[in-house]
$ cat upload-v2.pdb   # PDB, C-alpha atoms
ATOM      1  CA  MET A   1      14.794 103.687  23.983
ATOM      2  CA  THR A   2      13.194 104.499  20.633
ATOM      3  CA  PRO A   3      16.340 103.635  18.617
ATOM      4  CA  TYR A   4      16.387 100.181  20.202
ATOM      5  CA  LEU A   5      12.758  99.603  19.308
ATOM      6  CA  LEU A   6      13.388 100.800  15.749
ATOM      7  CA  LEU A   7      16.344  98.420  15.480
ATOM      8  CA  SER A   8      14.167  95.644  16.848
ATOM      9  CA  ALA A   9      11.424  96.350  14.314
ATOM     10  CA  ALA A  10      13.962  96.507  11.475
ATOM     11  CA  LEU A  11      15.533  93.171  12.425
ATOM     12  CA  PHE A  12      12.141  91.531  12.784
ATOM     13  CA  SER A  13      10.999  92.930   9.422
ATOM     14  CA  ILE A  14      14.148  91.751   7.631
ATOM     15  CA  GLY A  15      13.708  88.318   9.198
ATOM     16  CA  THR A  16      10.067  88.161   8.159
ATOM     17  CA  PHE A  17      10.972  89.094   4.593
ATOM     18  CA  GLY A  18      13.716  86.452   4.596
ATOM     19  CA  VAL A  19      11.336  83.710   5.729
ATOM     20  CA  ILE A  20       8.672  84.674   3.199
ATOM     21  CA  ALA A  21      10.857  85.415   0.172
ATOM     22  CA  ARG A  22      13.590  82.767   0.321
ATOM     23  CA  ARG A  23      13.390  79.155  -0.780
ATOM     24  CA  ASN A  24      16.514  77.775   0.857
ATOM     25  CA  ILE A  25      15.762  76.250   4.247
ATOM     26  CA  LEU A  26      19.123  77.336   5.701
ATOM     27  CA  ILE A  27      18.458  80.960   4.752
ATOM     28  CA  MET A  28      14.986  80.652   6.258
ATOM     29  CA  LEU A  29      16.490  79.406   9.545
ATOM     30  CA  MET A  30      18.904  82.346   9.622
ATOM     31  CA  ALA A  31      16.010  84.748   8.956
ATOM     32  CA  LEU A  32      14.083  83.142  11.804
ATOM     33  CA  GLU A  33      17.066  83.778  14.074
ATOM     34  CA  LEU A  34      16.987  87.443  13.006
ATOM     35  CA  MET A  35      13.348  87.584  14.032
ATOM     36  CA  LEU A  36      14.153  86.099  17.441
ATOM     37  CA  ASN A  37      17.013  88.581  17.938
ATOM     38  CA  GLY A  38      14.657  91.437  17.091
ATOM     39  CA  ALA A  39      12.213  90.165  19.698
ATOM     40  CA  ASN A  40      15.045  89.899  22.243
ATOM     41  CA  ILE A  41      16.074  93.510  21.703
ATOM     42  CA  ALA A  42      12.448  94.616  22.136
ATOM     43  CA  LEU A  43      12.120  92.593  25.355
ATOM     44  CA  VAL A  44      15.228  94.160  26.856
ATOM     45  CA  ALA A  45      14.219  97.665  25.737
ATOM     46  CA  PHE A  46      10.738  97.351  27.225
ATOM     47  CA  ALA A  47      12.103  95.880  30.457
ATOM     48  CA  ARG A  48      14.527  98.785  30.732
ATOM     49  CA  MET A  49      11.828 101.359  29.946
ATOM     50  CA  HIS A  50       9.401 100.001  32.526
ATOM     51  CA  ALA A  51      11.887  99.056  35.235
ATOM     52  CA  ALA A  52      10.839  99.976  38.722
ATOM     53  CA  ALA A  53      12.783  99.837  41.931
ATOM     54  CA  ASN A  54      11.378  97.507  44.541
ATOM     55  CA  PRO A  55      11.469  98.405  48.238
ATOM     56  CA  ASP A  56      14.278  95.923  48.804
ATOM     57  CA  GLY A  57      16.481  97.694  46.256
ATOM     58  CA  THR A  58      16.133  95.195  43.381
ATOM     59  CA  SER A  59      14.897  96.149  39.930
ATOM     60  CA  THR A  60      12.199  94.615  37.755
ATOM     61  CA  ALA A  61      14.390  95.033  34.667
ATOM     62  CA  ALA A  62      15.789  91.560  35.311
ATOM     63  CA  ILE A  63      12.442  90.041  34.301
ATOM     64  CA  GLY A  64      12.980  91.101  30.690
ATOM     65  CA  GLN A  65      16.465  89.652  30.760
ATOM     66  CA  VAL A  66      15.072  86.337  32.021
ATOM     67  CA  PHE A  67      12.627  86.332  29.104
ATOM     68  CA  VAL A  68      15.554  86.905  26.751
ATOM     69  CA  LEU A  69      17.376  83.903  28.219
ATOM     70  CA  VAL A  70      14.268  81.770  27.677
ATOM     71  CA  VAL A  71      14.002  82.936  24.064
ATOM     72  CA  MET A  72      17.700  82.167  23.535
ATOM     73  CA  ALA A  73      17.208  78.651  24.918
ATOM     74  CA  VAL A  74      14.254  78.091  22.589
ATOM     75  CA  ALA A  75      16.320  79.443  19.680
ATOM     76  CA  ALA A  76      19.134  77.020  20.460
ATOM     77  CA  GLY A  77      16.683  74.123  20.432
ATOM     78  CA  GLU A  78      15.162  75.385  17.196
ATOM     79  CA  VAL A  79      18.566  75.526  15.542
ATOM     80  CA  ALA A  80      19.456  72.014  16.675
ATOM     81  CA  VAL A  81      16.198  70.492  15.452
ATOM     82  CA  GLY A  82      16.137  72.592  12.280
ATOM     83  CA  LEU A  83      19.663  71.663  11.273
ATOM     84  CA  ALA A  84      18.945  67.991  11.987
ATOM     85  CA  ILE A  85      15.956  68.166   9.646
ATOM     86  CA  VAL A  86      17.993  69.970   6.983
ATOM     87  CA  ILE A  87      20.779  67.370   7.178
ATOM     88  CA  SER A  88      18.222  64.569   6.914
ATOM     89  CA  LEU A  89      16.591  66.195   3.893
ATOM     90  CA  TRP A  90      19.973  66.732   2.248
ATOM     91  CA  ARG A  91      20.968  63.103   2.760
ATOM     92  CA  THR A  92      17.718  61.734   1.341
ATOM     93  CA  ARG A  93      16.929  64.204  -1.461
ATOM     94  CA  ARG A  94      20.169  66.140  -2.118
ATOM     95  CA  THR A  95      18.348  69.472  -1.979
ATOM     96  CA  VAL A  96      17.270  72.046   0.598
ATOM     97  CA  ASP A  97      15.053  74.046  -1.786
ATOM     98  CA  THR A  98      11.486  74.310  -0.494
ATOM     99  CA  ASN A  99       9.999  74.059  -4.004
ATOM    100  CA  ASP A 100      11.551  70.601  -4.373
ATOM    101  CA  LEU A 101      10.354  69.527  -0.917
ATOM    102  CA  GLN A 102       6.629  70.133  -1.272
ATOM    103  CA  MET A 103       5.769  66.430  -1.128
ATOM    104  CA  LEU A 104       6.821  64.571   1.982
ATOM    105  CA  ASN A 105       6.702  61.138   0.360
ATOM    106  CA  GLY A 106       8.730  59.976  -2.619
TER     107      GLY A 106
END
$ encode --input "upload-v2.pdb" --output "structure tokens"
Amino acid sequence: MTPYLLLSAALFSIGTFGVIARRNILIMLMALELMLNGANIALVAFARMHAAANPDGTSTAAIGQVFVLVVMAVAAGEVAVGLAIVISLWRTRRTVDTNDLQMLNG
């Protein structure tokens, strides 16, 4: 499971760098999605590592997969709201550069 956790850490680190270093809001949203995918891989890896068989024959690994589905639903909502904000900013200011969008009025 260590390779999965290393992949997860790498994806999360690349996403963090993308959010911090980039100025374009679209690139920042894509980097945020990378961070969420890294967290999803870690959730599945940890659920698989710590899975235990219940007396009725079911496994607790499904709990991690349920968490992943919740994170994916939150990510879908984040993309919808984020893209709506980006489209609104583009229509009003004709830019998606964060340096140009420091002031909310005017």
$ resolve_selection --input "upload-v2.pdb" --expression "the PyMOL selection byres ((chain A and resi 36) around 10)" --output "list in words"
Ser8, Leu11, Phe12, Gly15, Met30, Ala31, Leu32, Glu33, Leu34, Met35, Asn37, Gly38, Ala39, Asn40, Ile41, Ala42, Val68, Val71, Met72, Val74 and Ala75 of chain A
$ closest_residue --input "upload-v2.pdb" --among "A:Arg23, A:Met28, A:Thr2, A:Val66" --to "A:Gln102" --atoms "only C-alpha atoms"
A:Arg23
$ residues_around --input "upload-v2.pdb" --residues "A:Asn99" --least-positions-apart "5" --cutoff "12 Å" --atoms "all atoms listed in the file" --output "ChimeraX atom specification"
/A:22-25,104
$ residues_near_point --input "upload-v2.pdb" --point "(13.7, 97.9, 27.1)" --cutoff "12 Å" --atoms "all atoms listed in the file" --output "ChimeraX atom specification"
/A:1-8,38-51,60-65,67-68
$ atom_distance --input "upload-v2.pdb" --atom1 "atom CA of A:Ile87" --atom2 "atom CA of A:Leu26"
10.2 Å
$ atom_distance --input "upload-v2.pdb" --atom1 "atom CA of A:Asp100" --atom2 "atom CA of A:Val86"
13.1 Å
$ atom_distance --input "upload-v2.pdb" --atom1 "atom CA of A:Arg91" --atom2 "atom CA of A:Gly77"
21.3 Å
$ axis_aligned_box --input "upload-v2.pdb" --around "stretch 70-75 of chain A" --padding-each-side "8 Å" --output "JSON"
{"center_x": 15.9, "center_y": 80.5, "center_z": 23.7, "size_x": 19.7, "size_y": 20.8, "size_z": 24.0}
$ decode --input "upload-v2.pdb" --residues "stretch 76-87 of chain A" --atoms "all heavy atoms" --output "PDB file, in the first residue's frame"
ATOM      1  N   ALA A  76     -17.785  17.682  -7.122  1.00  0.00           N
ATOM      2  CA  ALA A  76     -18.679  18.054  -8.219  1.00  0.00           C
ATOM      3  C   ALA A  76     -19.385  19.368  -7.912  1.00  0.00           C
ATOM      4  O   ALA A  76     -19.524  20.237  -8.789  1.00  0.00           O
ATOM      5  CB  ALA A  76     -19.693  16.949  -8.466  1.00  0.00           C
ATOM      6  N   GLY A  77     -19.824  19.540  -6.684  1.00  0.00           N
ATOM      7  CA  GLY A  77     -20.437  20.808  -6.290  1.00  0.00           C
ATOM      8  C   GLY A  77     -19.452  21.958  -6.344  1.00  0.00           C
ATOM      9  O   GLY A  77     -19.794  23.071  -6.770  1.00  0.00           O
ATOM     10  N   GLU A  78     -18.231  21.690  -5.930  1.00  0.00           N
ATOM     11  CA  GLU A  78     -17.181  22.723  -5.971  1.00  0.00           C
ATOM     12  C   GLU A  78     -16.897  23.150  -7.393  1.00  0.00           C
ATOM     13  O   GLU A  78     -16.729  24.342  -7.676  1.00  0.00           O
ATOM     14  CB  GLU A  78     -15.922  22.182  -5.294  1.00  0.00           C
ATOM     15  CG  GLU A  78     -14.722  23.082  -5.390  1.00  0.00           C
ATOM     16  CD  GLU A  78     -13.718  22.606  -6.421  1.00  0.00           C
ATOM     17  OE1 GLU A  78     -13.632  21.406  -6.663  1.00  0.00           O
ATOM     18  OE2 GLU A  78     -13.040  23.470  -6.986  1.00  0.00           O
ATOM     19  N   VAL A  79     -16.853  22.214  -8.306  1.00  0.00           N
ATOM     20  CA  VAL A  79     -16.605  22.550  -9.710  1.00  0.00           C
ATOM     21  C   VAL A  79     -17.751  23.376 -10.274  1.00  0.00           C
ATOM     22  O   VAL A  79     -17.526  24.368 -10.972  1.00  0.00           O
ATOM     23  CB  VAL A  79     -16.392  21.260 -10.543  1.00  0.00           C
ATOM     24  CG1 VAL A  79     -16.461  21.548 -12.022  1.00  0.00           C
ATOM     25  CG2 VAL A  79     -15.056  20.641 -10.200  1.00  0.00           C
ATOM     26  N   ALA A  80     -18.973  23.000  -9.964  1.00  0.00           N
ATOM     27  CA  ALA A  80     -20.128  23.733 -10.485  1.00  0.00           C
ATOM     28  C   ALA A  80     -20.145  25.173  -9.978  1.00  0.00           C
ATOM     29  O   ALA A  80     -20.301  26.119 -10.756  1.00  0.00           O
ATOM     30  CB  ALA A  80     -21.416  23.020 -10.095  1.00  0.00           C
ATOM     31  N   VAL A  81     -19.949  25.342  -8.685  1.00  0.00           N
ATOM     32  CA  VAL A  81     -19.955  26.695  -8.113  1.00  0.00           C
ATOM     33  C   VAL A  81     -18.730  27.477  -8.576  1.00  0.00           C
ATOM     34  O   VAL A  81     -18.830  28.663  -8.925  1.00  0.00           O
ATOM     35  CB  VAL A  81     -20.023  26.622  -6.576  1.00  0.00           C
ATOM     36  CG1 VAL A  81     -19.821  27.992  -5.951  1.00  0.00           C
ATOM     37  CG2 VAL A  81     -21.333  26.032  -6.140  1.00  0.00           C
ATOM     38  N   GLY A  82     -17.577  26.832  -8.592  1.00  0.00           N
ATOM     39  CA  GLY A  82     -16.352  27.512  -9.023  1.00  0.00           C
ATOM     40  C   GLY A  82     -16.419  27.980 -10.465  1.00  0.00           C
ATOM     41  O   GLY A  82     -16.039  29.112 -10.779  1.00  0.00           O
ATOM     42  N   LEU A  83     -16.907  27.132 -11.347  1.00  0.00           N
ATOM     43  CA  LEU A  83     -17.015  27.546 -12.747  1.00  0.00           C
ATOM     44  C   LEU A  83     -18.059  28.633 -12.930  1.00  0.00           C
ATOM     45  O   LEU A  83     -17.890  29.521 -13.769  1.00  0.00           O
ATOM     46  CB  LEU A  83     -17.319  26.344 -13.630  1.00  0.00           C
ATOM     47  CG  LEU A  83     -16.144  25.401 -13.856  1.00  0.00           C
ATOM     48  CD1 LEU A  83     -16.567  24.215 -14.702  1.00  0.00           C
ATOM     49  CD2 LEU A  83     -14.979  26.107 -14.495  1.00  0.00           C
ATOM     50  N   ALA A  84     -19.130  28.606 -12.146  1.00  0.00           N
ATOM     51  CA  ALA A  84     -20.123  29.685 -12.217  1.00  0.00           C
ATOM     52  C   ALA A  84     -19.500  31.012 -11.794  1.00  0.00           C
ATOM     53  O   ALA A  84     -19.738  32.057 -12.427  1.00  0.00           O
ATOM     54  CB  ALA A  84     -21.320  29.358 -11.344  1.00  0.00           C
ATOM     55  N   ILE A  85     -18.685  30.994 -10.765  1.00  0.00           N
ATOM     56  CA  ILE A  85     -18.006  32.215 -10.329  1.00  0.00           C
ATOM     57  C   ILE A  85     -17.020  32.684 -11.382  1.00  0.00           C
ATOM     58  O   ILE A  85     -16.931  33.887 -11.681  1.00  0.00           O
ATOM     59  CB  ILE A  85     -17.311  31.982  -8.971  1.00  0.00           C
ATOM     60  CG1 ILE A  85     -18.364  31.794  -7.880  1.00  0.00           C
ATOM     61  CG2 ILE A  85     -16.372  33.122  -8.622  1.00  0.00           C
ATOM     62  CD1 ILE A  85     -17.804  31.335  -6.557  1.00  0.00           C
ATOM     63  N   VAL A  86     -16.273  31.759 -11.970  1.00  0.00           N
ATOM     64  CA  VAL A  86     -15.302  32.136 -13.009  1.00  0.00           C
ATOM     65  C   VAL A  86     -16.011  32.740 -14.218  1.00  0.00           C
ATOM     66  O   VAL A  86     -15.570  33.757 -14.764  1.00  0.00           O
ATOM     67  CB  VAL A  86     -14.448  30.913 -13.414  1.00  0.00           C
ATOM     68  CG1 VAL A  86     -13.651  31.192 -14.670  1.00  0.00           C
ATOM     69  CG2 VAL A  86     -13.530  30.525 -12.284  1.00  0.00           C
ATOM     70  N   ILE A  87     -17.116  32.155 -14.640  1.00  0.00           N
ATOM     71  CA  ILE A  87     -17.863  32.696 -15.782  1.00  0.00           C
ATOM     72  C   ILE A  87     -18.397  34.085 -15.454  1.00  0.00           C
ATOM     73  O   ILE A  87     -18.327  34.999 -16.281  1.00  0.00           O
ATOM     74  CB  ILE A  87     -18.993  31.731 -16.189  1.00  0.00           C
ATOM     75  CG1 ILE A  87     -18.398  30.491 -16.816  1.00  0.00           C
ATOM     76  CG2 ILE A  87     -19.966  32.399 -17.147  1.00  0.00           C
ATOM     77  CD1 ILE A  87     -19.390  29.375 -17.055  1.00  0.00           C
TER      78      ILE A  87
END
